>>> print(open('work21.cif').read())   # mmCIF, C-alpha atoms
data_data
#
loop_
_atom_site.label_atom_id
_atom_site.label_comp_id
_atom_site.auth_asym_id
_atom_site.auth_seq_id
_atom_site.Cartn_x
_atom_site.Cartn_y
_atom_site.Cartn_z
CA MET A 1 30.16 -164.94 -78.01
CA ASP A 2 32.80 -166.07 -75.52
CA ILE A 3 35.56 -166.85 -78.05
CA LYS A 4 37.72 -168.87 -75.67
CA GLN A 5 34.82 -171.05 -74.59
CA TYR A 6 33.66 -171.47 -78.19
CA MET A 7 37.13 -172.53 -79.38
CA GLN A 8 37.59 -174.92 -76.48
CA GLY A 9 34.33 -176.58 -77.46
CA LEU A 10 35.55 -177.03 -81.03
CA GLY A 11 38.79 -178.52 -79.74
CA GLN A 12 37.05 -180.97 -77.44
CA ARG A 13 34.72 -182.18 -80.19
CA ALA A 14 37.64 -182.50 -82.62
CA LYS A 15 39.60 -184.59 -80.12
CA VAL A 16 36.65 -186.95 -79.66
CA SER A 17 36.15 -187.19 -83.42
CA ALA A 18 39.84 -187.96 -83.97
CA ARG A 19 39.45 -191.08 -81.84
CA VAL A 20 36.58 -192.18 -84.08
CA MET A 21 38.47 -191.36 -87.28
CA VAL A 22 41.45 -193.51 -86.32
CA GLN A 23 39.02 -196.47 -86.20
CA ALA A 24 37.39 -195.68 -89.54
CA THR A 25 37.83 -198.19 -92.34
CA THR A 26 39.23 -197.23 -95.72
CA THR A 27 35.82 -197.90 -97.26
CA GLN A 28 34.12 -195.53 -94.82
CA LYS A 29 36.64 -192.78 -95.49
CA ASN A 30 36.43 -193.23 -99.26
CA ASN A 31 32.62 -193.22 -99.15
CA ALA A 32 32.69 -189.96 -97.20
CA VAL A 33 35.06 -188.25 -99.62
CA ILE A 34 33.09 -189.41 -102.68
CA ALA A 35 29.82 -188.31 -101.07
CA ILE A 36 31.32 -184.86 -100.43
CA ALA A 37 32.35 -184.60 -104.09
CA ASP A 38 28.84 -185.61 -105.18
CA ASN A 39 27.24 -183.09 -102.82
CA ILE A 40 29.44 -180.28 -104.12
CA GLN A 41 28.44 -181.10 -107.70
CA GLU A 42 24.78 -181.32 -106.73
CA HIS A 43 24.85 -177.97 -104.92
CA ARG A 44 27.11 -176.06 -107.30
CA VAL A 45 24.45 -173.40 -107.94
CA ALA A 46 24.17 -172.69 -104.20
CA LEU A 47 27.97 -172.60 -103.89
CA ILE A 48 28.36 -170.10 -106.71
CA LYS A 49 25.52 -168.00 -105.27
CA ALA A 50 27.27 -167.89 -101.89
CA ASN A 51 30.55 -167.08 -103.63
CA VAL A 52 28.96 -164.19 -105.54
CA GLU A 53 27.97 -162.64 -102.20
CA ASP A 54 31.57 -162.97 -100.99
CA LEU A 55 32.90 -161.43 -104.21
CA LYS A 56 30.51 -158.46 -103.92
CA ARG A 57 31.64 -157.75 -100.38
CA ALA A 58 35.31 -158.25 -101.27
CA LYS A 59 35.09 -155.79 -104.17
CA ALA A 60 33.32 -153.27 -101.95
CA ASN A 61 36.20 -153.64 -99.49
CA ASN A 62 38.73 -153.11 -102.31
CA LEU A 63 40.32 -156.55 -102.04
CA ASP A 64 43.23 -156.65 -104.48
CA ALA A 65 43.00 -158.47 -107.80
CA THR A 66 45.18 -161.42 -106.73
CA LEU A 67 42.98 -162.21 -103.74
CA LEU A 68 39.82 -161.73 -105.79
CA ASP A 69 41.12 -164.29 -108.27
CA ARG A 70 41.81 -166.75 -105.46
CA LEU A 71 38.38 -166.12 -103.95
CA GLU A 72 36.32 -166.72 -107.08
CA LEU A 73 34.53 -170.05 -107.54
CA THR A 74 33.85 -170.87 -111.18
CA ASP A 75 32.31 -173.98 -112.72
CA SER A 76 35.81 -175.05 -113.70
CA ARG A 77 37.16 -174.64 -110.17
CA ILE A 78 34.22 -176.54 -108.70
CA ASN A 79 34.97 -179.34 -111.17
CA ASP A 80 38.62 -179.27 -110.03
CA MET A 81 37.50 -179.50 -106.39
CA THR A 82 35.40 -182.58 -107.03
CA GLU A 83 38.03 -184.16 -109.26
CA GLY A 84 40.58 -183.66 -106.47
CA LEU A 85 38.26 -185.32 -103.97
CA ASN A 86 37.64 -188.27 -106.25
CA GLN A 87 41.39 -188.64 -106.76
CA ILE A 88 41.90 -188.64 -102.99
CA ALA A 89 39.32 -191.43 -102.64
CA ALA A 90 41.16 -193.45 -105.30
CA LEU A 91 44.56 -193.17 -103.61
CA PRO A 92 45.93 -195.92 -101.34
CA ASP A 93 45.14 -195.41 -97.68
CA PRO A 94 48.43 -194.77 -95.85
CA VAL A 95 46.97 -195.40 -92.38
CA GLY A 96 48.04 -198.70 -90.87
CA THR A 97 50.68 -199.38 -93.53
CA ILE A 98 53.64 -201.28 -92.04
CA THR A 99 57.10 -200.78 -93.51
CA ASP A 100 60.70 -201.75 -92.74
CA LEU A 101 59.66 -204.78 -90.69
CA ALA A 102 62.87 -206.58 -89.78
CA MET A 103 63.83 -209.47 -87.52
CA ARG A 104 66.25 -208.55 -84.74
CA PRO A 105 68.82 -210.99 -83.31
CA THR A 106 66.66 -211.28 -80.18
CA GLY A 107 63.79 -212.70 -82.25
CA ILE A 108 61.50 -209.65 -82.09
CA GLN A 109 60.35 -207.95 -85.29
CA VAL A 110 60.62 -204.15 -85.45
CA GLY A 111 58.93 -201.93 -88.05
CA ASN A 112 57.08 -198.67 -88.69
CA MET A 113 53.35 -198.07 -88.96
CA ARG A 114 51.71 -195.02 -90.56
CA VAL A 115 49.24 -193.31 -88.20
CA PRO A 116 47.14 -190.12 -88.35
CA LEU A 117 48.52 -186.93 -86.80
CA GLY A 118 45.30 -186.48 -84.81
CA VAL A 119 43.71 -183.01 -84.98
CA VAL A 120 44.91 -180.64 -87.69
CA GLY A 121 44.22 -176.92 -87.45
CA ILE A 122 44.18 -175.16 -90.83
CA ILE A 123 44.20 -171.38 -91.22
CA TYR A 124 43.84 -169.99 -94.72
CA GLU A 125 42.85 -166.96 -96.76
CA SER A 126 40.69 -166.38 -99.81
CA ARG A 127 40.63 -169.77 -101.52
CA PRO A 128 37.36 -171.62 -100.75
CA ASN A 129 38.64 -174.70 -102.62
CA VAL A 130 41.01 -175.25 -99.69
CA THR A 131 37.97 -176.13 -97.58
CA ALA A 132 37.18 -179.15 -99.76
CA ASP A 133 40.83 -180.14 -100.30
CA ALA A 134 41.63 -179.98 -96.59
CA ALA A 135 38.53 -181.91 -95.59
CA GLY A 136 39.14 -184.67 -98.13
CA LEU A 137 42.79 -185.11 -97.21
CA CYS A 138 42.16 -185.05 -93.46
CA ILE A 139 39.30 -187.54 -93.70
CA LYS A 140 41.26 -189.98 -95.90
CA SER A 141 44.31 -189.76 -93.62
CA GLY A 142 42.16 -190.45 -90.55
CA ASN A 143 42.47 -187.00 -88.96
CA ALA A 144 39.97 -184.56 -87.54
CA THR A 145 40.34 -180.92 -88.53
CA ILE A 146 39.35 -177.44 -87.44
CA LEU A 147 39.22 -174.99 -90.34
CA ARG A 148 39.59 -171.23 -90.06
CA GLY A 149 38.90 -169.78 -93.49
CA GLY A 150 39.35 -166.14 -94.43
CA SER A 151 36.53 -163.73 -93.62
CA GLU A 152 36.34 -162.75 -97.29
CA ALA A 153 35.22 -166.32 -98.16
CA PHE A 154 32.88 -166.81 -95.21
CA ASN A 155 29.69 -167.60 -97.16
CA SER A 156 31.47 -169.85 -99.66
CA ASN A 157 33.18 -171.83 -96.92
CA GLN A 158 29.99 -172.30 -94.91
CA ALA A 159 28.21 -173.60 -98.02
CA ILE A 160 31.00 -176.07 -98.76
CA VAL A 161 31.08 -177.29 -95.15
CA LYS A 162 27.38 -178.18 -95.38
CA CYS A 163 28.28 -180.52 -98.27
CA ILE A 164 31.13 -181.97 -96.21
CA HIS A 165 28.94 -182.67 -93.17
CA THR A 166 26.33 -184.37 -95.33
CA GLY A 167 29.03 -186.61 -96.80
CA LEU A 168 30.44 -187.53 -93.37
CA ILE A 169 27.00 -188.43 -92.03
CA ALA A 170 26.27 -190.55 -95.12
CA ALA A 171 29.42 -192.58 -94.38
CA ASP A 172 28.50 -192.96 -90.68
CA LEU A 173 31.37 -190.74 -89.57
CA PRO A 174 31.09 -187.82 -87.12
CA GLN A 175 30.39 -184.48 -88.74
CA ASP A 176 32.63 -182.92 -86.08
CA ALA A 177 35.58 -184.56 -87.83
CA VAL A 178 35.53 -181.41 -89.99
CA GLN A 179 34.60 -178.20 -88.17
CA MET A 180 34.61 -174.72 -89.68
CA ILE A 181 34.94 -171.80 -87.28
CA ALA A 182 31.61 -170.01 -87.67
CA THR A 183 32.72 -166.48 -86.86
CA THR A 184 35.02 -163.98 -88.53
CA ASP A 185 36.32 -162.72 -85.16
CA ARG A 186 40.12 -162.60 -85.49
CA ALA A 187 40.52 -163.60 -81.86
CA THR A 188 39.77 -167.18 -82.94
CA VAL A 189 43.18 -167.38 -84.65
CA GLY A 190 45.02 -166.53 -81.44
CA GLU A 191 43.03 -169.15 -79.54
CA LEU A 192 43.65 -171.78 -82.21
CA LEU A 193 47.41 -171.22 -82.03
CA ASN A 194 47.44 -171.97 -78.31
CA MET A 195 45.19 -175.04 -78.18
CA SER A 196 47.98 -177.58 -77.75
CA ALA A 197 45.71 -179.68 -75.56
CA PHE A 198 43.49 -180.38 -78.57
CA ILE A 199 45.44 -179.66 -81.77
CA ASP A 200 48.49 -181.60 -82.96
CA VAL A 201 49.66 -179.38 -85.84
CA ILE A 202 48.78 -176.07 -87.51
CA ILE A 203 48.93 -175.62 -91.28
CA PRO A 204 48.64 -172.04 -92.56
CA ARG A 205 47.85 -171.13 -96.17
CA GLY A 206 47.90 -167.47 -97.02
CA GLY A 207 50.02 -164.37 -97.36
CA LYS A 208 53.42 -163.84 -95.81
CA GLY A 209 52.00 -161.66 -93.03
CA LEU A 210 49.60 -164.37 -91.89
CA ILE A 211 52.25 -167.08 -91.93
CA GLU A 212 54.83 -164.94 -90.12
CA ARG A 213 52.27 -164.24 -87.40
CA ILE A 214 51.38 -167.90 -87.03
CA SER A 215 55.05 -168.94 -86.92
CA ALA A 216 55.74 -166.37 -84.21
CA GLU A 217 52.69 -167.01 -82.05
CA ALA A 218 51.96 -170.74 -82.36
CA ARG A 219 52.60 -172.90 -79.33
CA LEU A 220 52.39 -176.11 -81.34
CA PRO A 221 54.05 -177.47 -84.50
CA VAL A 222 53.53 -175.58 -87.79
CA ILE A 223 53.86 -176.87 -91.38
CA LYS A 224 54.36 -173.84 -93.64
CA HIS A 225 56.02 -171.89 -96.41
CA LEU A 226 56.51 -168.13 -96.39
CA ASP A 227 57.30 -167.16 -99.99
CA GLY A 228 57.10 -168.66 -103.44
CA ILE A 229 60.09 -167.01 -105.11
CA CYS A 230 60.41 -169.56 -107.90
CA HIS A 231 63.09 -169.54 -110.60
CA VAL A 232 63.52 -170.92 -114.09
CA TYR A 233 67.13 -171.17 -115.28
CA ILE A 234 67.66 -171.48 -119.04
CA ASP A 235 70.99 -173.25 -119.44
CA LYS A 236 73.48 -172.82 -122.28
CA ASP A 237 72.52 -176.31 -123.48
CA ALA A 238 68.78 -175.62 -123.50
CA ASP A 239 66.45 -176.25 -126.42
CA ILE A 240 65.35 -172.66 -127.11
CA GLU A 241 61.83 -173.51 -128.26
CA LYS A 242 61.32 -175.64 -125.18
CA ALA A 243 62.78 -172.92 -122.96
CA VAL A 244 60.50 -170.22 -124.38
CA ARG A 245 57.40 -172.37 -123.90
CA ILE A 246 58.32 -173.26 -120.30
CA ALA A 247 59.37 -169.76 -119.23
CA LEU A 248 56.23 -168.20 -120.70
CA ASN A 249 53.92 -170.73 -119.03
CA ALA A 250 55.70 -170.56 -115.68
CA LYS A 251 55.06 -166.83 -115.49
CA THR A 252 51.81 -166.18 -117.33
CA GLN A 253 49.61 -169.27 -116.87
CA ARG A 254 48.42 -167.77 -113.57
CA TYR A 255 49.97 -164.90 -111.65
CA GLY A 256 48.61 -165.22 -108.12
CA THR A 257 49.96 -168.65 -107.14
CA CYS A 258 52.96 -169.60 -105.05
CA ASN A 259 54.42 -171.80 -107.82
CA THR A 260 54.46 -169.03 -110.43
CA MET A 261 57.97 -168.13 -111.65
CA GLU A 262 59.09 -164.79 -110.24
CA CYS A 263 62.67 -164.76 -111.58
CA LEU A 264 64.10 -165.89 -114.92
CA LEU A 265 67.81 -166.70 -115.16
CA VAL A 266 69.39 -167.11 -118.60
CA ALA A 267 72.88 -168.31 -119.50
CA ARG A 268 74.81 -165.55 -121.28
CA SER A 269 75.74 -167.63 -124.32
CA ILE A 270 72.09 -168.27 -125.15
CA ALA A 271 70.56 -165.05 -123.77
CA SER A 272 70.18 -163.07 -126.98
CA ALA A 273 68.64 -165.91 -128.99
CA THR A 274 66.25 -166.80 -126.14
CA LEU A 275 65.19 -163.33 -125.02
CA ASP A 276 64.64 -162.10 -128.58
CA LYS A 277 61.77 -164.60 -128.68
CA LEU A 278 60.62 -164.36 -125.07
CA ALA A 279 60.61 -160.62 -124.47
CA PRO A 280 57.92 -159.83 -127.11
CA LEU A 281 55.72 -162.61 -125.71
CA TYR A 282 55.98 -161.18 -122.19
CA LYS A 283 55.21 -157.73 -123.57
CA ASP A 284 52.11 -159.05 -125.33
CA ALA A 285 51.01 -160.64 -122.05
CA GLY A 286 51.46 -157.36 -120.19
CA VAL A 287 54.37 -158.57 -118.07
CA GLU A 288 56.74 -155.91 -116.73
CA ILE A 289 60.39 -157.06 -116.76
CA ARG A 290 62.89 -155.85 -114.16
CA GLY A 291 66.33 -156.98 -115.25
CA CYS A 292 70.07 -156.76 -114.65
CA LYS A 293 72.17 -154.10 -116.42
CA GLU A 294 73.07 -156.51 -119.20
CA SER A 295 69.48 -157.44 -119.99
CA ALA A 296 68.32 -153.82 -119.60
CA SER A 297 70.84 -152.80 -122.26
CA MET A 298 69.36 -155.36 -124.67
CA PHE A 299 65.71 -154.26 -124.52
CA ASN A 300 64.16 -150.82 -124.13
CA ASP A 301 61.26 -152.02 -122.00
CA VAL A 302 63.41 -153.65 -119.27
CA ARG A 303 63.54 -151.70 -116.01
CA LEU A 304 66.69 -152.03 -113.90
CA ALA A 305 66.21 -154.55 -111.07
CA THR A 306 67.36 -154.17 -107.47
CA ASP A 307 68.20 -156.85 -104.90
CA GLU A 308 64.77 -156.18 -103.42
CA ASP A 309 63.19 -157.09 -106.76
CA TYR A 310 65.07 -160.39 -106.88
CA GLY A 311 63.80 -161.22 -103.39
CA THR A 312 60.15 -160.33 -104.09
CA GLU A 313 57.22 -162.67 -104.66
CA TYR A 314 55.23 -160.44 -107.00
CA LEU A 315 52.07 -162.53 -107.47
CA ALA A 316 51.50 -160.17 -110.40
CA PRO A 317 52.53 -159.67 -114.05
CA VAL A 318 56.02 -158.57 -113.02
CA LEU A 319 59.17 -160.61 -113.65
CA SER A 320 62.77 -160.36 -112.46
CA LEU A 321 65.41 -161.24 -115.05
CA LYS A 322 69.14 -161.88 -114.77
CA ILE A 323 71.72 -163.02 -117.28
CA VAL A 324 74.25 -165.36 -115.66
CA THR A 325 77.48 -167.00 -116.73
CA ASP A 326 76.53 -170.61 -116.12
CA VAL A 327 74.69 -173.05 -113.87
CA ASP A 328 76.99 -172.26 -110.93
CA GLU A 329 76.06 -168.59 -110.96
CA ALA A 330 72.40 -169.52 -111.42
CA MET A 331 72.48 -171.78 -108.36
CA GLN A 332 74.29 -169.12 -106.34
CA HIS A 333 71.54 -166.65 -107.23
CA ILE A 334 68.82 -169.14 -106.26
CA ALA A 335 70.56 -169.85 -102.95
CA LYS A 336 70.73 -166.11 -102.18
CA PHE A 337 67.28 -164.98 -103.28
CA GLY A 338 65.12 -168.12 -103.47
CA SER A 339 62.58 -169.30 -100.91
CA GLN A 340 63.21 -173.06 -101.24
CA HIS A 341 59.83 -173.52 -102.91
CA THR A 342 60.24 -174.54 -106.58
CA ASP A 343 63.09 -174.02 -109.04
CA ALA A 344 63.52 -175.36 -112.57
CA ILE A 345 66.27 -175.79 -115.13
CA VAL A 346 65.83 -176.04 -118.91
CA THR A 347 68.71 -178.01 -120.41
CA GLU A 348 69.50 -180.93 -122.69
CA ASN A 349 72.68 -181.69 -120.72
CA ILE A 350 71.92 -184.57 -118.35
CA THR A 351 75.03 -183.93 -116.24
CA THR A 352 74.05 -180.31 -115.65
CA ALA A 353 70.46 -181.34 -114.95
CA ARG A 354 71.57 -183.85 -112.31
CA ARG A 355 73.81 -181.25 -110.64
CA PHE A 356 70.85 -178.85 -110.48
CA LEU A 357 68.58 -181.53 -109.03
CA ARG A 358 71.16 -182.46 -106.42
CA GLU A 359 72.45 -179.04 -105.39
CA VAL A 360 69.40 -176.74 -105.45
CA ASP A 361 67.94 -176.85 -101.93
CA SER A 362 64.23 -176.44 -102.67
CA SER A 363 61.17 -178.51 -101.88
CA SER A 364 60.55 -179.10 -105.61
CA VAL A 365 63.31 -179.08 -108.25
CA MET A 366 62.41 -179.59 -111.91
CA VAL A 367 64.08 -180.32 -115.22
CA ASN A 368 62.46 -179.11 -118.46
CA ALA A 369 59.08 -178.42 -116.85
CA SER A 370 57.11 -175.37 -115.76
CA THR A 371 57.14 -174.49 -112.05
CA ARG A 372 53.33 -174.37 -112.27
CA PHE A 373 53.29 -178.14 -111.89
CA ALA A 374 54.32 -177.84 -108.23
CA ASP A 375 51.08 -178.72 -106.50
CA GLY A 376 49.45 -181.78 -105.01
CA PHE A 377 46.89 -182.27 -107.78
CA GLU A 378 49.59 -182.36 -110.48
CA TYR A 379 51.84 -184.58 -108.34
CA GLY A 380 49.14 -187.22 -108.08
CA LEU A 381 48.36 -186.52 -104.43
CA GLY A 382 44.70 -185.86 -105.24
CA ALA A 383 45.03 -182.42 -103.71
CA GLU A 384 47.30 -180.72 -101.23
CA ILE A 385 46.75 -179.23 -97.83
CA GLY A 386 49.60 -176.81 -98.47
CA ILE A 387 53.21 -176.54 -99.57
CA SER A 388 55.97 -177.00 -97.03
CA THR A 389 59.42 -175.50 -97.45
CA ASP A 390 60.37 -176.79 -94.01
CA LYS A 391 62.61 -179.84 -93.76
CA PHE A 392 60.62 -181.39 -90.90
CA HIS A 393 58.02 -183.01 -90.86
CA ALA A 394 56.96 -182.75 -94.49
CA ARG A 395 58.44 -181.02 -97.54
CA GLY A 396 56.84 -179.92 -100.80
CA PRO A 397 53.13 -180.43 -101.49
CA VAL A 398 51.58 -181.99 -98.37
CA GLY A 399 49.19 -184.80 -99.21
CA LEU A 400 48.01 -187.91 -97.41
CA GLU A 401 51.42 -189.11 -96.29
CA GLY A 402 52.31 -185.64 -95.00
CA LEU A 403 49.22 -185.81 -92.76
CA THR A 404 50.41 -188.99 -91.12
CA SER A 405 53.29 -189.85 -88.84
CA LYS A 406 55.15 -193.04 -88.02
CA LYS A 407 55.32 -195.06 -84.88
CA TYR A 408 57.51 -198.04 -84.15
CA ILE A 409 55.78 -201.35 -83.75
CA VAL A 410 57.32 -204.45 -82.17
CA LEU A 411 56.04 -208.00 -82.77
CA GLY A 412 57.06 -210.76 -80.42
CA GLU A 413 55.98 -214.17 -79.17
CA GLY A 414 56.53 -213.89 -75.47
CA HIS A 415 60.03 -212.43 -75.87
CA ILE A 416 61.68 -210.89 -72.82
CA ARG A 417 64.87 -208.91 -72.59
CA THR A 418 67.70 -210.56 -70.69
#
>>> encode(input="work21.cif", output="structure tokens")
Amino acid sequence: MDIKQYMQGLGQRAKVSARVMVQATTTQKNNAVIAIADNIQEHRVALIKANVEDLKRAKANNLDATLLDRLELTDSRINDMTEGLNQIAALPDPVGTITDLAMRPTGIQVGNMRVPLGVVGIIYESRPNVTADAAGLCIKSGNATILRGGSEAFNSNQAIVKCIHTGLIAADLPQDAVQMIATTDRATVGELLNMSAFIDVIIPRGGKGLIERISAEARLPVIKHLDGICHVYIDKDADIEKAVRIALNAKTQRYGTCNTMECLLVARSIASATLDKLAPLYKDAGVEIRGCKESASMFNDVRLATDEDYGTEYLAPVLSLKIVTDVDEAMQHIAKFGSQHTDAIVTENITTARRFLREVDSSSVMVNASTRFADGFEYGLGAEIGISTDKFHARGPVGLEGLTSKKYIVLGEGHIRT
């Protein structure tokens, strides 16, 4: 296969499809997304069969446990995929929405209109559910997309794309609006990153190495996040029972996700009472704790943490722990070691909570809630195409609005400038 020629063909077809998608009605787009959800449900046995083949190959290649977990398609995850698609279909269509329309002294009206980005290139690893999420979001937001899934999920992704194409055709939309690269050749990634003539933005979802490469090599805009070093700070005015429940869930509900807590900060005045309850629960869950000198002196099982530990996204049953004086020291720690992904405070003090919300510079900041809520599905976006810790063009979970842009529109009645 001539990779360059193959990729250019994908780009050309995507560009043509994007022109069709911008004309698509909301009803057409919704019908396509719902049909995709129905097809996935109907073909769940085939999807799981394809996924089993991927899992066998991945295990033979010694893929680590975190990636195996992300790769696996269960009945529950298939249900989540279809539920996400149905939620996307139920959301308001942002395309064509006009806001901020105002009359100028000259008599013209000036406003903003939401429009699709055009062609979105998405590069991701392991998770086959991203294929359905990305397709649904791009279709609803009027974009075309080229998907480059990880080689470990090749069979799963190809099976899902068949369901997507059937849904697009049923809604009288071009199946080339969603194209999956049909080869595992890594040269396709390099080509994709340089196709500025066809692609308007790249969105990577995967490990730090992948995203660093894409950020360095891309010759077009990238929406990304590198790390998910998420914190929970238990304030001196926290409800201890609430704090224990949140801190346990944030770490142990699922280890291999970017919104899992990697570092727990506890105010000194409440540390003993809180950690006496939390530490045994972490031990029962098999979580290794790497803590500061103060916390290490309190519990035998706490290993002394280094600065490298505090700056690590473990994606595993390992937790950094630090006892701090107050919210100021907690926020200083987050500013030094955090990745601007998701950080939470547990407190009953509304003034402290508002300071934390205002001063912590992350894409999601929470009060009295687990960091595990930081995703598009939980935020009511239907699904997400990724998390952005950038400050331009989108930040946080990227849903429909994040896949659109604005253009100025001007309404006049024969007005001329004098």
>>> residues_near_point(input="work21.cif", point="(42.4, -168.3, -108.7)", cutoff="12 Å", atoms="only C-alpha atoms", output="PDB file with C-alpha atoms, in the frame of the given file")
ATOM      1  CA  ALA A  65      43.000-158.470-107.800  1.00  0.00           C
ATOM      2  CA  THR A  66      45.180-161.420-106.730  1.00  0.00           C
ATOM      3  CA  LEU A  67      42.980-162.210-103.740  1.00  0.00           C
ATOM      4  CA  LEU A  68      39.820-161.730-105.790  1.00  0.00           C
ATOM      5  CA  ASP A  69      41.120-164.290-108.270  1.00  0.00           C
ATOM      6  CA  ARG A  70      41.810-166.750-105.460  1.00  0.00           C
ATOM      7  CA  LEU A  71      38.380-166.120-103.950  1.00  0.00           C
ATOM      8  CA  GLU A  72      36.320-166.720-107.080  1.00  0.00           C
ATOM      9  CA  LEU A  73      34.530-170.050-107.540  1.00  0.00           C
ATOM     10  CA  THR A  74      33.850-170.870-111.180  1.00  0.00           C
ATOM     11  CA  SER A  76      35.810-175.050-113.700  1.00  0.00           C
ATOM     12  CA  ARG A  77      37.160-174.640-110.170  1.00  0.00           C
ATOM     13  CA  ILE A  78      34.220-176.540-108.700  1.00  0.00           C
ATOM     14  CA  ASP A  80      38.620-179.270-110.030  1.00  0.00           C
ATOM     15  CA  SER A 126      40.690-166.380 -99.810  1.00  0.00           C
ATOM     16  CA  ARG A 127      40.630-169.770-101.520  1.00  0.00           C
ATOM     17  CA  PRO A 128      37.360-171.620-100.750  1.00  0.00           C
ATOM     18  CA  ASN A 129      38.640-174.700-102.620  1.00  0.00           C
ATOM     19  CA  VAL A 130      41.010-175.250 -99.690  1.00  0.00           C
ATOM     20  CA  GLN A 253      49.610-169.270-116.870  1.00  0.00           C
ATOM     21  CA  ARG A 254      48.420-167.770-113.570  1.00  0.00           C
ATOM     22  CA  TYR A 255      49.970-164.900-111.650  1.00  0.00           C
ATOM     23  CA  GLY A 256      48.610-165.220-108.120  1.00  0.00           C
ATOM     24  CA  THR A 257      49.960-168.650-107.140  1.00  0.00           C
ATOM     25  CA  CYS A 258      52.960-169.600-105.050  1.00  0.00           C
ATOM     26  CA  LEU A 315      52.070-162.530-107.470  1.00  0.00           C
TER      27      LEU A 315
END
>>> resolve_selection(input="work21.cif", expression="the PyMOL selection byres ((chain A and resi 31) around 12)", output="PDB file with C-alpha atoms, in the frame of the given file")
ATOM      1  CA  ALA A  24      37.390-195.680 -89.540  1.00  0.00           C
ATOM      2  CA  THR A  25      37.830-198.190 -92.340  1.00  0.00           C
ATOM      3  CA  THR A  26      39.230-197.230 -95.720  1.00  0.00           C
ATOM      4  CA  THR A  27      35.820-197.900 -97.260  1.00  0.00           C
ATOM      5  CA  GLN A  28      34.120-195.530 -94.820  1.00  0.00           C
ATOM      6  CA  LYS A  29      36.640-192.780 -95.490  1.00  0.00           C
ATOM      7  CA  ASN A  30      36.430-193.230 -99.260  1.00  0.00           C
ATOM      8  CA  ALA A  32      32.690-189.960 -97.200  1.00  0.00           C
ATOM      9  CA  VAL A  33      35.060-188.250 -99.620  1.00  0.00           C
ATOM     10  CA  ILE A  34      33.090-189.410-102.680  1.00  0.00           C
ATOM     11  CA  ALA A  35      29.820-188.310-101.070  1.00  0.00           C
ATOM     12  CA  ILE A  36      31.320-184.860-100.430  1.00  0.00           C
ATOM     13  CA  ALA A  37      32.350-184.600-104.090  1.00  0.00           C
ATOM     14  CA  ASP A  38      28.840-185.610-105.180  1.00  0.00           C
ATOM     15  CA  LEU A  85      38.260-185.320-103.970  1.00  0.00           C
ATOM     16  CA  ASN A  86      37.640-188.270-106.250  1.00  0.00           C
ATOM     17  CA  ILE A  88      41.900-188.640-102.990  1.00  0.00           C
ATOM     18  CA  ALA A  89      39.320-191.430-102.640  1.00  0.00           C
ATOM     19  CA  ALA A  90      41.160-193.450-105.300  1.00  0.00           C
ATOM     20  CA  GLY A 136      39.140-184.670 -98.130  1.00  0.00           C
ATOM     21  CA  ILE A 139      39.300-187.540 -93.700  1.00  0.00           C
ATOM     22  CA  LYS A 140      41.260-189.980 -95.900  1.00  0.00           C
ATOM     23  CA  ILE A 164      31.130-181.970 -96.210  1.00  0.00           C
ATOM     24  CA  THR A 166      26.330-184.370 -95.330  1.00  0.00           C
ATOM     25  CA  GLY A 167      29.030-186.610 -96.800  1.00  0.00           C
ATOM     26  CA  LEU A 168      30.440-187.530 -93.370  1.00  0.00           C
ATOM     27  CA  ILE A 169      27.000-188.430 -92.030  1.00  0.00           C
ATOM     28  CA  ALA A 170      26.270-190.550 -95.120  1.00  0.00           C
ATOM     29  CA  ALA A 171      29.420-192.580 -94.380  1.00  0.00           C
ATOM     30  CA  ASP A 172      28.500-192.960 -90.680  1.00  0.00           C
ATOM     31  CA  LEU A 173      31.370-190.740 -89.570  1.00  0.00           C
TER      32      LEU A 173
END
>>> resolve_selection(input="work21.cif", expression="the PyMOL selection byres ((chain A and resi 280) around 12)", output="number ranges by chain")
A: 244, 248, 274-279, 281-289, 299-302
>>> atom_distance(input="work21.cif", atom1="atom CA of A:Leu193", atom2="atom CA of A:Gln5")
14.6 Å
>>> resolve_selection(input="work21.cif", expression="the PyMOL selection byres ((chain A and resi 411-417) around 10)", output="number ranges by chain")
A: 101-103, 106-111, 409-410, 418
>>> closest_residue(input="work21.cif", among="A:Pro204, A:Pro116, A:Gly121, A:Pro105", to="A:Leu10", atoms="only C-alpha atoms")
A:Gly121
>>> residues_around(input="work21.cif", residues="A:Leu192", least_positions_apart="3", cutoff="10 Å", atoms="all atoms listed in the file", output="list in words")
Lys4, Met7, Gln8, Leu10, Gly11, Gly121, Ile122, Ile123, Ile146, Leu147, Arg148, Ala187, Thr188, Val189, Met195, Ser196, Phe198, Ile199, Ile202, Ile214, Ala218, Arg219 and Leu220 of chain A
>>> atom_distance(input="work21.cif", atom1="atom CA of A:Gln41", atom2="atom CA of A:Asp133")
14.5 Å
>>> closest_residue(input="work21.cif", among="A:Gly311, A:Pro174, A:Gly9, A:Gly386", to="A:Ala197", atoms="only C-alpha atoms")
A:Gly9
>>> atom_distance(input="work21.cif", atom1="atom CA of A:Pro92", atom2="atom CA of A:Thr342")
26.3 Å
>>> closest_residue(input="work21.cif", among="A:Lys336, A:His225, A:Arg186, A:Lys251", to="A:Glu212", atoms="only C-alpha atoms")
A:His225
>>> residues_around(input="work21.cif", residues="stretch 388-394 of chain A", least_positions_apart="3", cutoff="10 Å", atoms="only C-alpha atoms", output="PyMOL selection string")
chain A and resi 203-204+221-228+339-342+361-364+385+397-399+401-405
>>> closest_residue(input="work21.cif", among="A:Val201, A:Ile40, A:Leu47, A:Ile234", to="A:Ser215", atoms="only C-alpha atoms")
A:Val201
